[in-house]
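**Q** Contents of protein10.cif (mmCIF, C-alpha atoms and all ligand atoms) are below:
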```
data_target
loop_
_atom_site.label_atom_id
_atom_site.label_comp_id
_atom_site.auth_asym_id
_atom_site.auth_seq_id
_atom_site.Cartn_x
_atom_site.Cartn_y
_atom_site.Cartn_z
CA MET L 216 -115.67 91.88 33.65
CA ALA L 217 -118.42 93.41 35.80
CA ASP L 218 -117.69 96.15 38.22
CA GLU L 219 -116.95 94.15 41.31
CA ASP L 220 -117.09 96.99 43.80
CA SER L 221 -120.62 97.91 42.88
CA PHE L 222 -121.53 94.40 43.84
CA TYR L 223 -121.04 95.18 47.51
CA ASP L 224 -123.36 98.18 47.36
CA ASP L 225 -126.15 95.84 46.51
CA ASP L 226 -128.21 94.81 49.43
CA VAL L 227 -128.60 91.23 48.26
CA PHE L 228 -126.80 90.09 51.36
CA SER L 229 -128.55 92.22 53.91
CA ASP L 230 -131.68 90.07 53.99
CA ASN L 231 -129.71 86.91 54.38
CA PRO L 232 -128.93 86.26 58.07
CA GLU L 233 -125.86 84.32 57.02
CA TYR L 234 -124.35 87.48 55.65
CA ASN L 235 -125.30 89.74 58.56
CA VAL L 236 -121.74 89.78 59.62
CA VAL L 237 -121.70 92.83 61.78
CA SER L 238 -122.77 91.73 65.22
CA ASP L 239 -124.12 94.09 67.85
CA SER L 240 -121.36 93.40 70.33
CA GLY L 241 -117.67 94.37 70.05
CA SER L 242 -115.88 97.54 69.10
CA ASP L 243 -116.34 99.32 65.80
CA GLU L 244 -112.86 98.24 64.79
CA ASP L 245 -113.66 94.58 65.44
CA LYS L 246 -116.81 94.88 63.42
CA LEU L 247 -114.87 96.42 60.56
CA ILE L 248 -112.23 93.67 60.57
CA HIS L 249 -114.90 91.02 60.67
CA ALA L 250 -116.79 92.60 57.80
CA LYS L 251 -113.63 92.94 55.72
CA THR L 252 -112.73 89.28 56.20
CA GLN L 253 -116.21 88.27 55.17
CA ILE L 254 -116.07 90.47 52.10
CA ALA L 255 -112.71 88.98 51.07
CA GLU L 256 -114.16 85.48 51.36
CA LEU L 257 -117.21 86.40 49.33
CA LYS L 258 -115.05 88.05 46.73
CA ALA L 259 -112.97 84.89 46.38
CA GLU L 260 -116.12 82.81 46.06
CA LEU L 261 -117.49 85.15 43.45
CA MET L 262 -114.29 84.83 41.43
CA ARG L 263 -114.74 81.08 41.36
CA TYR L 264 -118.18 81.51 39.82
CA LYS L 265 -116.71 83.68 37.11
CA ILE L 266 -114.13 81.13 35.94
CA PRO L 267 -115.50 79.37 32.87
CA PRO L 268 -115.65 75.58 33.14
CA LEU L 269 -112.91 73.56 31.51
CA LEU L 270 -113.58 70.82 29.01
CA VAL L 271 -112.45 67.26 29.62
CA GLY L 272 -110.63 65.56 26.79
CA GLU L 273 -108.20 62.80 26.02
CA VAL L 274 -104.81 63.08 24.38
CA ILE L 275 -104.81 60.99 21.22
CA GLU L 276 -101.51 61.84 19.58
CA LEU L 277 -98.46 64.00 20.17
CA LEU L 278 -97.61 66.19 17.20
CA SER L 279 -94.77 68.18 18.75
CA TYR L 280 -93.64 69.14 22.23
CA ASP L 281 -96.45 71.71 22.60
CA ASN L 282 -98.98 70.51 20.06
CA VAL L 283 -101.24 67.51 20.54
CA ILE L 284 -104.41 66.02 19.14
CA VAL L 285 -107.15 65.73 21.72
CA ARG L 286 -110.52 64.09 21.57
CA LEU L 287 -113.51 65.52 23.36
CA LYS L 288 -116.17 63.36 24.96
CA ASN L 289 -118.46 63.96 22.00
CA GLY L 290 -115.92 62.31 19.74
CA ASN L 291 -114.63 65.44 17.97
CA GLU L 292 -110.88 65.69 17.62
CA PHE L 293 -108.76 68.84 17.57
CA SER L 294 -105.16 69.77 17.16
CA VAL L 295 -104.43 72.05 20.12
CA PHE L 296 -101.58 73.71 21.96
CA VAL L 297 -100.32 72.76 25.36
CA ASP L 298 -100.18 75.49 27.98
CA LYS L 299 -96.55 76.43 28.70
CA ALA L 300 -97.26 76.32 32.44
CA LEU L 301 -98.06 72.62 32.22
CA ASP L 302 -94.94 70.90 33.42
CA SER L 303 -95.89 67.24 33.22
CA LYS L 304 -95.23 65.46 29.98
CA LEU L 305 -98.30 64.26 28.12
CA VAL L 306 -98.71 60.83 26.64
CA PRO L 307 -101.54 59.47 24.49
CA GLY L 308 -104.37 58.28 26.71
CA ASP L 309 -103.94 61.09 29.26
CA GLU L 310 -107.11 62.69 30.49
CA VAL L 311 -106.71 66.48 30.31
CA LEU L 312 -108.60 69.70 30.95
CA LEU L 313 -108.96 72.13 28.07
CA ASP L 314 -109.68 75.82 27.91
CA GLN L 315 -113.13 76.31 26.42
CA LYS L 316 -112.23 78.84 23.75
CA SER L 317 -108.78 77.83 22.55
CA LEU L 318 -109.00 74.21 23.71
CA SER L 319 -105.42 74.57 24.96
CA VAL L 320 -104.44 71.87 27.38
CA VAL L 321 -104.23 73.58 30.76
CA GLN L 322 -104.10 70.68 33.17
CA LYS L 323 -103.50 66.97 33.25
CA ILE L 324 -105.88 64.97 35.38
CA GLY L 325 -104.10 61.69 35.34
CA LEU L 326 -104.02 58.62 33.22
CA LYS L 327 -107.50 57.20 33.14
CA LYS L 328 -106.32 54.20 31.12
CA ASN L 329 -106.02 52.03 34.15
CA TYR L 330 -109.54 52.54 35.39
CA ASP L 331 -111.16 49.52 36.82
CA VAL L 332 -112.80 47.49 34.08
CA ASN L 333 -113.97 45.14 36.77
CA GLU L 334 -116.69 47.67 37.47
CA PHE L 335 -118.06 47.49 33.97
CA VAL L 336 -118.00 43.82 33.20
CA ILE L 337 -119.29 40.73 34.86
CA ILE L 338 -116.41 38.44 35.71
CA GLU L 339 -117.10 35.05 37.14
CA LYS L 340 -116.30 31.42 37.09
CA PRO L 341 -119.73 30.19 36.07
CA ASN L 342 -121.26 27.14 37.66
CA THR L 343 -123.43 26.32 34.65
CA THR L 344 -122.42 22.95 33.25
CA TRP L 345 -123.25 21.02 30.09
CA LYS L 346 -125.76 19.10 32.19
CA ASN L 347 -127.81 22.26 32.66
CA ILE L 348 -128.40 22.45 28.93
CA GLY L 349 -131.18 20.48 27.36
CA GLY L 350 -130.94 19.47 23.70
CA LEU L 351 -128.48 21.36 21.48
CA LYS L 352 -126.30 18.24 21.19
CA GLN L 353 -124.75 19.15 17.86
CA GLU L 354 -124.21 22.75 18.92
CA ILE L 355 -122.46 21.67 22.10
CA ILE L 356 -120.07 19.49 20.08
CA GLU L 357 -119.24 22.41 17.83
CA ILE L 358 -118.59 24.79 20.72
CA LYS L 359 -116.40 22.22 22.39
CA GLU L 360 -114.35 21.94 19.22
CA VAL L 361 -113.95 25.64 18.69
CA ILE L 362 -113.57 26.91 22.24
CA GLU L 363 -112.93 24.11 24.67
CA LEU L 364 -110.38 22.05 22.74
CA PRO L 365 -108.00 24.89 21.84
CA LEU L 366 -108.06 26.07 25.47
CA THR L 367 -107.54 22.67 27.03
CA LYS L 368 -105.35 21.00 24.39
CA PRO L 369 -103.53 23.69 22.44
CA GLU L 370 -100.69 21.28 21.62
CA LEU L 371 -103.07 19.26 19.48
CA PHE L 372 -103.55 22.17 17.14
CA LYS L 373 -99.84 22.90 17.02
CA GLU L 374 -99.07 19.29 16.11
CA VAL L 375 -101.65 19.17 13.37
CA GLY L 376 -100.59 22.62 12.27
CA ILE L 377 -103.91 24.40 12.12
CA GLU L 378 -105.09 27.57 13.81
CA PRO L 379 -108.38 27.24 15.63
CA PRO L 380 -110.90 30.08 15.25
CA LYS L 381 -110.53 32.95 17.67
CA GLY L 382 -114.14 32.83 18.51
CA ILE L 383 -117.64 31.90 17.62
CA LEU L 384 -120.86 33.73 16.94
CA LEU L 385 -124.02 32.28 18.42
CA TYR L 386 -127.23 33.51 16.88
CA GLY L 387 -130.87 32.63 17.15
CA PRO L 388 -134.11 33.56 18.87
CA PRO L 389 -134.08 34.85 22.45
CA GLY L 390 -134.11 32.35 25.28
CA THR L 391 -132.67 29.38 23.42
CA GLY L 392 -129.58 28.97 25.55
CA LYS L 393 -126.86 31.12 24.01
CA THR L 394 -125.74 32.62 27.31
CA LEU L 395 -126.06 29.24 28.92
CA LEU L 396 -123.73 27.67 26.34
CA ALA L 397 -121.13 30.39 26.77
CA LYS L 398 -121.17 29.91 30.53
CA ALA L 399 -120.99 26.15 30.30
CA VAL L 400 -117.93 26.25 28.06
CA ALA L 401 -116.25 28.70 30.41
CA ASN L 402 -116.98 26.32 33.26
CA SER L 403 -115.69 23.26 31.46
CA THR L 404 -112.44 24.94 30.49
CA ASN L 405 -111.96 26.60 33.86
CA ALA L 406 -111.75 29.88 32.03
CA VAL L 407 -112.66 33.22 33.52
CA PHE L 408 -115.92 34.39 32.04
CA ILE L 409 -116.02 38.06 31.12
CA GLU L 410 -119.43 39.19 30.04
CA ILE L 411 -120.21 42.47 28.34
CA VAL L 412 -123.45 43.61 26.80
CA GLY L 413 -123.11 45.44 23.50
CA SER L 414 -125.95 47.85 24.08
CA GLU L 415 -124.62 48.80 27.51
CA LEU L 416 -121.20 49.41 26.09
CA VAL L 417 -122.52 52.08 23.78
CA GLN L 418 -125.30 53.52 25.95
CA LYS L 419 -123.88 53.55 29.45
CA PHE L 420 -120.29 54.32 28.75
CA ILE L 421 -120.60 57.08 26.20
CA GLY L 422 -117.24 58.11 24.89
CA GLN L 423 -115.59 55.20 26.67
CA GLY L 424 -116.68 52.29 24.47
CA ALA L 425 -113.46 51.88 22.49
CA LYS L 426 -111.32 52.36 25.58
CA LEU L 427 -113.37 49.86 27.48
CA VAL L 428 -113.06 47.26 24.72
CA LYS L 429 -109.32 47.70 24.90
CA SER L 430 -109.27 47.33 28.66
CA ILE L 431 -111.53 44.28 28.53
CA PHE L 432 -109.20 42.45 26.18
CA GLN L 433 -106.26 43.44 28.33
CA LEU L 434 -108.08 42.11 31.37
CA ALA L 435 -108.83 38.87 29.53
CA ARG L 436 -105.17 38.43 28.64
CA ASP L 437 -104.18 39.12 32.25
CA LYS L 438 -106.66 36.58 33.57
CA ALA L 439 -106.28 34.01 30.79
CA PRO L 440 -107.55 31.45 30.13
CA ALA L 441 -110.56 33.63 29.58
CA ILE L 442 -113.70 33.78 27.53
CA ILE L 443 -115.04 37.16 26.52
CA PHE L 444 -118.76 36.88 25.98
CA ILE L 445 -120.24 39.78 24.05
CA ASP L 446 -123.99 39.62 24.32
CA GLU L 447 -126.07 41.72 21.89
CA ILE L 448 -123.01 42.10 19.72
CA ASP L 449 -125.25 43.62 17.04
CA ALA L 450 -125.42 46.81 19.12
CA ILE L 451 -121.78 47.54 18.31
CA ALA L 452 -121.39 45.55 15.10
CA SER L 453 -124.38 46.62 13.10
CA LYS L 454 -123.96 47.28 9.39
CA ARG L 455 -126.82 49.76 9.31
CA ILE L 456 -124.96 52.40 11.18
CA GLU L 457 -124.63 55.52 9.10
CA VAL L 458 -121.73 57.34 10.56
CA GLY L 459 -123.30 60.76 10.96
CA THR L 460 -124.01 61.74 14.52
CA SER L 461 -121.38 61.63 17.21
CA GLY L 462 -123.23 58.72 18.84
CA GLU L 463 -122.88 56.69 15.67
CA ARG L 464 -119.24 57.61 15.36
CA GLU L 465 -118.78 56.42 18.90
CA VAL L 466 -120.35 53.05 18.07
CA GLN L 467 -118.20 52.85 14.98
CA ARG L 468 -115.06 53.52 17.01
CA THR L 469 -116.03 50.90 19.56
CA PHE L 470 -116.56 48.42 16.73
CA MET L 471 -113.24 49.24 15.08
CA GLN L 472 -111.52 48.74 18.41
CA LEU L 473 -113.24 45.37 18.80
CA LEU L 474 -112.00 44.26 15.39
CA ALA L 475 -108.52 45.52 16.16
CA GLU L 476 -108.47 43.60 19.43
CA ILE L 477 -109.69 40.38 17.82
CA ASP L 478 -107.11 40.78 15.06
CA GLY L 479 -104.45 41.58 17.61
CA PHE L 480 -104.33 38.34 19.51
CA LYS L 481 -103.16 34.99 18.29
CA SER L 482 -105.74 32.26 18.16
CA LEU L 483 -103.86 30.15 20.64
CA ASP L 484 -103.62 32.98 23.08
CA ASN L 485 -105.88 31.42 25.68
CA VAL L 486 -108.52 34.07 25.07
CA LYS L 487 -111.66 33.23 23.16
CA VAL L 488 -114.47 35.46 22.08
CA ILE L 489 -118.08 34.37 21.97
CA GLY L 490 -120.57 36.79 20.46
CA ALA L 491 -124.31 36.38 20.72
CA THR L 492 -127.09 38.05 18.79
CA ASN L 493 -130.76 37.74 17.93
CA ARG L 494 -130.20 39.93 14.90
CA ILE L 495 -127.73 38.28 12.57
CA ASP L 496 -129.53 40.05 9.74
CA ILE L 497 -128.12 43.43 10.78
CA LEU L 498 -124.65 42.26 11.71
CA ASP L 499 -121.68 43.76 9.92
CA SER L 500 -119.93 40.95 8.09
CA ALA L 501 -116.54 42.35 9.13
CA VAL L 502 -116.93 40.67 12.49
CA ILE L 503 -117.40 37.23 10.96
CA ARG L 504 -114.59 37.45 8.44
CA PRO L 505 -111.96 34.70 8.51
CA GLY L 506 -109.60 35.16 11.41
CA ARG L 507 -112.30 36.75 13.56
CA LEU L 508 -115.50 35.11 14.80
CA ASP L 509 -115.49 32.92 11.76
CA ARG L 510 -117.57 30.09 13.18
CA ILE L 511 -121.22 30.95 13.08
CA LEU L 512 -123.62 28.76 14.93
CA LEU L 513 -127.40 28.87 14.92
CA ILE L 514 -128.92 28.09 18.30
CA PRO L 515 -132.41 27.07 17.27
CA GLU L 516 -135.62 26.63 19.19
CA PRO L 517 -135.58 23.18 20.76
CA ASP L 518 -137.00 20.17 18.93
CA LYS L 519 -139.13 17.53 20.64
CA ASP L 520 -136.18 15.80 22.31
CA GLY L 521 -134.73 19.13 23.29
CA ARG L 522 -137.99 20.27 24.87
CA LYS L 523 -138.19 17.03 26.81
CA ALA L 524 -134.63 17.37 28.05
CA ILE L 525 -135.14 21.03 29.03
CA PHE L 526 -138.39 20.15 30.80
CA GLU L 527 -136.57 17.46 32.76
CA ILE L 528 -133.79 19.83 33.75
CA HIS L 529 -136.17 22.44 35.07
CA THR L 530 -138.43 20.01 36.90
CA LYS L 531 -135.58 18.12 38.48
CA LYS L 532 -135.87 19.92 41.78
CA MET L 533 -139.66 20.23 41.73
CA THR L 534 -141.94 17.95 43.68
CA LEU L 535 -144.03 16.40 40.96
CA ASP L 536 -147.03 14.25 41.69
CA LYS L 537 -146.64 10.64 40.59
CA SER L 538 -149.43 11.11 38.11
CA VAL L 539 -147.57 13.79 36.13
CA ASP L 540 -147.36 12.81 32.48
CA SER L 541 -144.39 14.58 30.99
CA GLU L 542 -145.19 13.30 27.49
CA ILE L 543 -148.46 15.24 27.42
CA ILE L 544 -146.80 18.38 28.77
CA VAL L 545 -143.90 18.21 26.31
CA LYS L 546 -146.37 17.74 23.43
CA ASN L 547 -148.19 20.85 24.58
CA ILE L 548 -145.18 23.11 24.66
CA LYS L 549 -144.36 22.84 20.99
CA GLY L 550 -142.61 25.96 19.75
CA PHE L 551 -141.52 27.02 23.24
CA THR L 552 -137.94 28.10 23.83
CA GLY L 553 -135.84 26.96 26.75
CA ALA L 554 -136.57 30.17 28.65
CA GLU L 555 -140.29 29.73 28.08
CA ILE L 556 -140.18 26.11 29.23
CA ARG L 557 -138.50 27.27 32.40
CA SER L 558 -141.26 29.85 32.87
CA VAL L 559 -143.88 27.13 32.43
CA CYS L 560 -142.24 25.12 35.22
CA VAL L 561 -142.03 28.11 37.55
CA GLU L 562 -145.65 29.10 36.85
CA ALA L 563 -146.81 25.52 37.41
CA GLY L 564 -145.12 25.64 40.80
CA TYR L 565 -147.01 28.86 41.56
CA PHE L 566 -150.35 27.24 40.71
CA ALA L 567 -149.59 24.56 43.30
CA ILE L 568 -148.48 27.11 45.91
CA ARG L 569 -151.63 29.19 45.38
CA GLU L 570 -153.71 26.12 46.17
CA ASN L 571 -151.59 25.29 49.16
CA ARG L 572 -150.28 22.13 47.59
CA LYS L 573 -146.76 20.77 47.82
CA HIS L 574 -147.12 18.57 44.73
CA VAL L 575 -147.38 19.80 41.18
CA PHE L 576 -149.82 18.14 38.77
CA THR L 577 -150.02 17.85 34.99
CA ASP L 578 -152.89 20.31 35.03
CA ASP L 579 -150.72 22.94 36.73
CA PHE L 580 -148.28 22.65 33.85
CA LEU L 581 -151.05 22.93 31.27
CA LYS L 582 -152.48 26.04 32.94
CA ALA L 583 -148.96 27.46 33.18
CA ARG L 584 -148.46 26.70 29.51
CA ASP L 585 -151.57 28.74 28.63
CA LYS L 586 -150.35 31.61 30.72
CA VAL L 587 -146.87 31.60 29.15
CA LEU L 588 -148.42 31.22 25.70
CA GLY L 589 -150.51 34.34 26.35
CA ILE L 590 -147.37 36.29 27.23
CA LYS L 591 -145.57 34.83 24.23
CA LYS L 592 -148.34 35.93 21.85
CA LYS L 593 -148.33 39.44 23.26
CA LYS L 594 -144.57 39.57 22.92
CA ASN L 595 -144.67 38.28 19.36
CA ALA L 596 -147.13 40.98 18.42
CA LEU L 597 -144.65 43.57 19.65
CA SER L 598 -141.52 41.87 18.51
CA THR L 599 -139.38 43.08 15.69
CA TYR L 600 -137.41 39.89 15.63
CA ILE L 601 -136.60 38.79 12.11
CA ASP L 602 -135.59 35.19 11.73
N1 LIG F 1 -131.35 24.55 26.12
C1 LIG F 1 -131.71 24.93 27.34
N2 LIG F 1 -131.64 24.07 28.35
C2 LIG F 1 -132.00 24.42 29.61
N3 LIG F 1 -132.44 25.63 29.94
C3 LIG F 1 -132.54 26.55 28.96
C4 LIG F 1 -132.17 26.25 27.61
N4 LIG F 1 -132.35 27.35 26.88
C5 LIG F 1 -132.79 28.30 27.71
N5 LIG F 1 -132.92 27.82 28.96
C6 LIG F 1 -133.40 28.57 30.13
O1 LIG F 1 -133.71 29.87 29.74
C7 LIG F 1 -132.86 30.83 30.39
C8 LIG F 1 -132.42 31.86 29.40
O2 LIG F 1 -131.55 31.27 28.47
P1 LIG F 1 -130.32 32.06 27.86
O3 LIG F 1 -130.05 33.25 28.68
O4 LIG F 1 -129.22 31.12 27.64
O5 LIG F 1 -130.96 32.50 26.49
P2 LIG F 1 -130.30 33.32 25.33
O6 LIG F 1 -130.34 32.46 24.12
O7 LIG F 1 -129.00 33.84 25.78
O8 LIG F 1 -131.37 34.47 25.16
P3 LIG F 1 -131.18 35.98 24.74
O9 LIG F 1 -130.97 35.98 23.27
O10 LIG F 1 -132.48 36.58 25.13
O11 LIG F 1 -130.03 36.49 25.53
C9 LIG F 1 -131.72 30.02 30.96
O12 LIG F 1 -131.22 30.60 32.13
C10 LIG F 1 -132.35 28.67 31.21
O13 LIG F 1 -132.99 28.65 32.45
MG MG F 2 -128.41 35.72 26.37
#
```
Go ahead and render the structure in this file as structure tokens.
**A**
Amino acid sequence: MADEDSFYDDDVFSDNPEYNVVSDSGSDEDKLIHAKTQIAELKAELMRYKIPPLLVGEVIELLSYDNVIVRLKNGNEFSVFVDKALDSKLVPGDEVLLDQKSLSVVQKIGLKKNYDVNEFVIIEKPNTTWKNIGGLKQEIIEIKEVIELPLTKPELFKEVGIEPPKGILLYGPPGTGKTLLAKAVANSTNAVFIEIVGSELVQKFIGQGAKLVKSIFQLARDKAPAIIFIDEIDAIASKRIEVGTSGEREVQRTFMQLLAEIDGFKSLDNVKVIGATNRIDILDSAVIRPGRLDRILLIPEPDKDGRKAIFEIHTKKMTLDKSVDSEIIVKNIKGFTGAEIRSVCVEAGYFAIRENRKHVFTDDFLKARDKVLGIKKKKNALSTYID
């Protein structure tokens, strides 16, 4: 420890008006008392700066009354002792403060287990309906069978004596309607829709991923019937993760928790899981093993009928000129996904607005198509998407 008294000989404070405590008025005694008080306050403040910071950790397991396993935020786990002065009893899941050197538990900072998952997930009753989805007829039937039917008519499955899948994995190129399908099925079953994004789970909530997964499933059970939609599920369920760095271990833990949660509920439990990915090629097969998301459904780019239906959906509210020939437009958007078709419609509307028109013409759509195609080509050049 540094010599504290010498500190006050320093004139670091004398230049600072805030510390010029001795005023010109008043008796010498007053000045002395004032100065002493100020010194005591500064001394106390200085002491605070000298206290080393404490680490934040989580109690994982109790080994004995004064020995527990804690996990630090970086994922490392230690067996440590509990400070004798700590009077509250620890339970796994407690958030605690640890001494930096010995990692002894010196303080409990409350049970963080009940933190508000509502902040981290999107919960809604979606208003997307089957009518908002163009094409994908076969896919809709399959989703209805796997998700809708068990939620709305569970007795059917009991009578027949089969267990419906706990969930489904939707995969395919971006913008083909995976999110849309998940929302529509939530709407049609009146289920609460809980959406989480895999990449956010591991990037935003470092050290919390596994805990969050647990809380999300708990939330789903509380709010059941519920659909948990895990977008970009590949971010937590990728087979290419080499468990080396703490970040990778964290992803691994989150993934293990996800599997444990899926395994932990019964398939008729009113909670269904829908995963979505553009990268089925990197997905760990553990997640699609029987008893988990064992239905796998490709959501492809729309065919001709699909494109027509999607075009109709997105132009429904637009003011089209009578001369608009949808056949020509649909022919010209071959290879476009649902999201791209929507962009074409929006862009076509812009072409009309720019020319101060209220009606949209075929030509607006064709120009919009060229524009979207340009963006699409640029994107494809950058894309790492593997079909
Ligand atoms: N089949 C479709 N019918 C109608 N609109 C569609 C269809 N597919 C996509 N769209 C439009 O594109 C938008 C994006 O679609 P969605 O979010 O469902 O794609 P996604 O498959 O989930 O893509 P990503 O893989 O990028 O998440 C939708 O909001 C909708 O406007
Ligand atoms: Mg999506």
**Q** Residues up to 10 Å from ligand MG 2 (chain F), counting all atoms listed in the file: could you list those as a count of residues only?
**A** 21
**Q** Around all the atoms of ligand LIG 1 (chain F) listed in the file, draw an axis-aligned box and extend it by 5 Å on each of the six sides; I want its centre and edge lengths in Å to one decimal, as JSON.
**A**
```
{"center_x": -131.4, "center_y": 30.3, "center_z": 27.9, "size_x": 14.7, "size_y": 22.5, "size_z": 19.2}
```
**Q** Kindly give the distance, in Å, that separates atom CA of L:Lys481 and atom CA of L:Ile511, rounded to a single decimal.
**A**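 Interatomic distance, atom CA of L:Lys481 to atom CA of L:Ile511: 19.2 Å.
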**Q** Give me, as a PyMOL selection string, all polymer residues having an atom no more than 8 Å from L:Lys323, counting only C-alpha atoms and skipping those fewer than 5 positions away in the same chain.
**A** chain L and resi 301+303+305+309-312
**Q** Closest to ligand LIG 1 (chain F) among L:Val575, L:Leu473, L:Ile448, L:Ala441, using only C-alpha atoms and all ligand atoms?
**A**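 Of all the options, L:Ile448 lies closest to ligand LIG 1 (chain F).
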**Q** Please check which residues have atoms at most 9 Å from (-115.9, 57.1, 17.9) in the file's coordinates, counting all atoms listed in the file, and write them as an NGL selection string.
**A** :L and (289-291 or 422-425 or 461-471)
**Q** To one decimal in Å, tell me the separation between atom CA of L:Gly387 and atom CA of L:Leu434.
**A** 28.5 Å
**Q** Could you pull the residues within 12 Å of stretch 495-509 of chain L, counting only C-alpha atoms, minus those fewer than 6 positions along the same chain, as a PyMOL selection string?
**A** chain L and resi 361-362+378-388+443-445+447-456+467+470-483+487-489+599-602
**Q** Give the answer as one residue: which of L:Ser558, L:Thr577, L:Thr552, L:Asn402 has the shortest atom-to-atom distance to L:Leu535, using only C-alpha atoms?
**A**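 Going through L:Ser558, L:Thr577, L:Thr552, L:Asn402 one by one, the smallest distance to L:Leu535 is for L:Thr577.
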**Q** So, counting all atoms listed in the file, which residue among L:Leu597, L:Leu261, L:Ala406, L:Ala524 is closest to ligand LIG 1 (chain F)?
**A**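 The closest residue to ligand LIG 1 (chain F) is L:Ala524.
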**Q** L:Phe372, L:Phe576, L:Phe432, L:Phe551: which is nearest ligand LIG 1 (chain F), counting only C-alpha atoms and all ligand atoms?
**A**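 Under the stated criterion, the closest residue is L:Phe551.
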